[in-house]
Every structure is written in C-alpha cells, then in structure tokens.
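The structure under discussion appears below in the form of structure tokens.
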Amino acid sequence: MKKKTIIAMLVIAGLSLISCNKKDIKPLNGILDSVFQLKAPEKAQKITEEFGFDENYEKLLDEKEDGVGVYSIYGFKDGTSSEGFGILVHKDGVWSAFPEICHGKNPLARYDKKRNSLWLTGGVMEGTGVFVEKPYLIKFDKDGKARIAGDIDPYLMQKALGERFGYSIKDENITFYAGERELCTRENKVKDMGGFDEDAIWIGEQLFYDISGDDLYVYFVPGVKFVTGLVLHYENMPTLMARVTIDKDGNFTLSDENSVLWPFEGSFVDEDYGEPNLEISYRRNDGKYNVLIGIPRLTLLDDGLAVMGDNGLEFTATDAAGNPIGGEIILKGDTAVVTFTSSTWPLLEQGTSFRYIRKS
C-alpha cells in the first residue's frame, strides 16, 4: 500500500522570525539530517499471515456504536515480541493491518465520525529522555477497509517549527518567541555543566501530538545542545505547541500567529503576595489541562479542568458554594491572567481578574 505523505507547509503569510527590530531573535535549530526511516521487523510484517495476535495487545479504541476498534500489538501466539510495531484496525467487522506503524509507548487513537476517518499517533524514536511521535490519518473505504491517507514525518514538522519559533539569549536568560511575540523566559540551568553554544537551542527530541479534539496540535520541548557533545538537555525548558490545520485537499499547515499555543504548563505565584497559587498541567490522555487556582485570603479552586480556546485556556471548576464557576487563562509572556467569565458566587463576580507570575 503506497503511503501518501502529507507535508506540513512551512510558509506562513505575514509571519517572520527575524526583523530589523529583533535581530537578536534566532530560529530554533532542527535535530535531524534526514527523515526517519523505520522498518518493521519481519514477524510484524507478517501479522496478517501466520502470526495472529493473542492477549498481548492494547485496546486503543472501541467505539461499539460506530463499529470501530484499534489495537496495538505487543506479542504473537508463538510468544515473541512485535518489537513495538503493528496496529490493527477494524470497521464494521472488516480488519486492516498496519505492521509498519510503530506504536511506541503511548499510542493514541480517535475516530472522527463526521469525516469517517481515524487519527493515530505512533512512536518514532524513544530512549532515555527522548520521545518523538508521528501522526497518521486513516481513511475508510466504503467496504470498511482502512488505508493510510497521510502522515507527517517528524523531520518535516521540526523544520516547520524551526521556522515558527525562535529564541534570544541575554545574560543568564533564554527567551522564546513565536514570530516576534515573546512567550516566556527561562534561566539558563546548564551554565554550570560546561556551558552551551548560543546557536544550539534546538527543537529537541521531544515531539508529540494531541489528537483528542477536532484540531490537531503538535507539542515540542526545546533542547540545549552541549558544546562538548550532542547531548540535549531539557531542564527548565517550556513545552510549546502549535495548531496544525487541514485544508480541503488534506494538506497540513501550521496555524497563523494568533493561533500559536502558549506554554501554559507550570507553576505561577500570585502577583501581589508572591505565593504559589496557580498550577497548570497537561493531560496527554485526553488533551485537557488540570488547573488549580488559589486566590489569596479568599478561596482555592482545586478541581479545575481546562481546554484550549481561541485565546487561551477555558476552564471550569467548583466554587466554595459547590456551584460551577468558569473563566479563561491568557498568558502574556510569563504572566498568566485569570479572568472569571461565569460565576454565581458573590465573592467572585463575573469579570474579576487575577494575575500570576511564572515561578522561576
């Protein structure tokens, strides 16, 4: 089956990483010299022949109403391993095998009923401190047979991200940008470990995808390349993300500047009191965020759940009276602005805002 590779377009209208006013902004570098070339082991290639799978599998998806199931294969009936390769898909009782897909350690699947298509994420490269994913778009024929309609090679995505994101170094700090817009600043935590070359802030070997919603998002963690070798260091680096949109012809493009996702994850302290009162963490299993919001001398909302909106995170939680409360979190550099847009609690009126600074 011939695979059609869908290439992420690298040119975004009106967006430039370097301008006459921002000459100190440098583009992030890539980490690879060529596309990934992976080949499934011989036994995985014979999934549809004599090596049927047994209990050594993981059920990634089971949409009984739509008749869709997805399984990643870990072993065969003869007791041997699939070496991380092999995906089986069924639609309305019709089975399709994809032995060439490396499912990795954290494979995910989502069925889009409206488009009768399936999103999969597979691992491409894993190791100590290394995790790179590849997304696959699966289409179904009228008879239920599945085929790979497209994928995005990590090398091509990293090139696109390198054109979108940049950084600058001043004194002991590294600042990251989307275009010319400042995202966040990090202290250089590796200066006592041999230093680093100022031209060695890379996209990094941490590249993964969120396929939980209607839009596809790509995440990555920039890395610092040591002068003395090729070891990438990720301490204190942000997680950055961009939306990947799909045009009518099935081609992928990175989002425009207004849609670039911010590095929301992390701990923030209250601007007035300096206390740690905002915690945001990403949930890879469903693409949502856990949010804890503390308001000094007033309340603590510890069950917040957020999703990405057009301008930032949109969250819901439970107030002190046990009623729903919600709002949005917008990140401006290292300052998070929390605004309550839905509230029935008298002590937190709609429109009330609080500011938090990222904890260094």
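Residue names in the structure tokens use chain letters A, B, ... in the order shown, residue numbers from 1 in each chain, and ligand numbers from 1 in the order shown.
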Query raised in the report: How would you write, as a PyMOL selection string, the set of residues in segment 104-245 of chain A that DSSP gives as strand (DSSP E or B)?
Result: chain A and resi 108-112+117-127+130-140+146-151+165-170+173-178+181-187+196-202+206-210+216-220+223-226+232-233+240-245
Taking 2 positions as the minimum chain separation for residues in the same chain, which residues sit within 10 Å of segment 315-322 of chain A when counting only C-alpha atoms? Answer as a tab-separated table (two decimals) with C-alpha atoms, in the first residue's frame.
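What ended up in out-v9.tsv:
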chain	number	residue	atom	x	y	z
A	288	LYS	CA	-7.17	18.69	28.62
A	289	TYR	CA	-5.47	20.55	31.46
A	290	ASN	CA	-5.72	20.17	35.22
A	291	VAL	CA	-5.91	23.62	36.78
A	292	LEU	CA	-5.53	24.63	40.43
A	293	ILE	CA	-6.35	28.29	41.14
A	298	LEU	CA	-10.33	34.03	49.63
A	299	THR	CA	-10.57	30.54	48.16
A	300	LEU	CA	-8.90	27.59	46.44
A	301	LEU	CA	-10.34	26.00	43.31
A	302	ASP	CA	-8.61	22.63	43.19
A	303	ASP	CA	-10.72	20.73	40.64
A	304	GLY	CA	-10.29	22.94	37.61
A	305	LEU	CA	-10.36	21.39	34.14
A	306	ALA	CA	-9.45	23.38	31.04
A	307	VAL	CA	-9.41	23.06	27.27
A	308	MET	CA	-7.64	25.18	24.69
A	309	GLY	CA	-9.77	28.00	23.25
A	312	GLY	CA	-6.07	30.75	25.81
A	313	LEU	CA	-7.29	28.12	28.25
A	324	PRO	CA	-19.91	25.65	38.72
A	325	ILE	CA	-17.56	28.53	38.02
A	326	GLY	CA	-15.52	29.21	34.90
A	327	GLY	CA	-13.31	31.57	33.01
A	328	GLU	CA	-10.22	31.87	30.86
A	329	ILE	CA	-6.48	31.97	31.36
A	338	VAL	CA	-7.09	34.51	35.13
A	339	THR	CA	-10.50	36.05	34.39
A	340	PHE	CA	-13.77	34.65	35.70
A	341	THR	CA	-16.40	34.85	32.97
A	342	SER	CA	-19.06	32.62	34.58
A	343	SER	CA	-19.79	32.86	38.29
A	344	THR	CA	-22.75	32.74	40.69
A	345	TRP	CA	-20.61	33.15	43.81
A	346	PRO	CA	-20.95	36.68	45.26
A	347	LEU	CA	-17.28	36.84	46.26
A	348	LEU	CA	-16.11	36.22	42.68
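Shortest separation to Asp210 of chain A among A:Gly274, A:Gly162, A:Gly287, A:Pro154 occurs at residue A:Gly287, atoms counted being only C-alpha atoms.
Here atom CA of Glu163 of chain A is placed at a distance of 7.5 Å from atom CA of Leu28 of chain A.
Minimum atom-to-atom distance to Ile138 of chain A, evaluated using only C-alpha atoms, belongs to A:Phe98 out of A:Tyr177, A:Tyr155, A:Tyr219, A:Phe98.
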Requested in this report: Pick out the closest residue to Asp151 of chain A from this set: A:Gly223, A:Asn251, A:Asn106, A:Ile201. Count only C-alpha atoms.
Outcome: A:Asn251
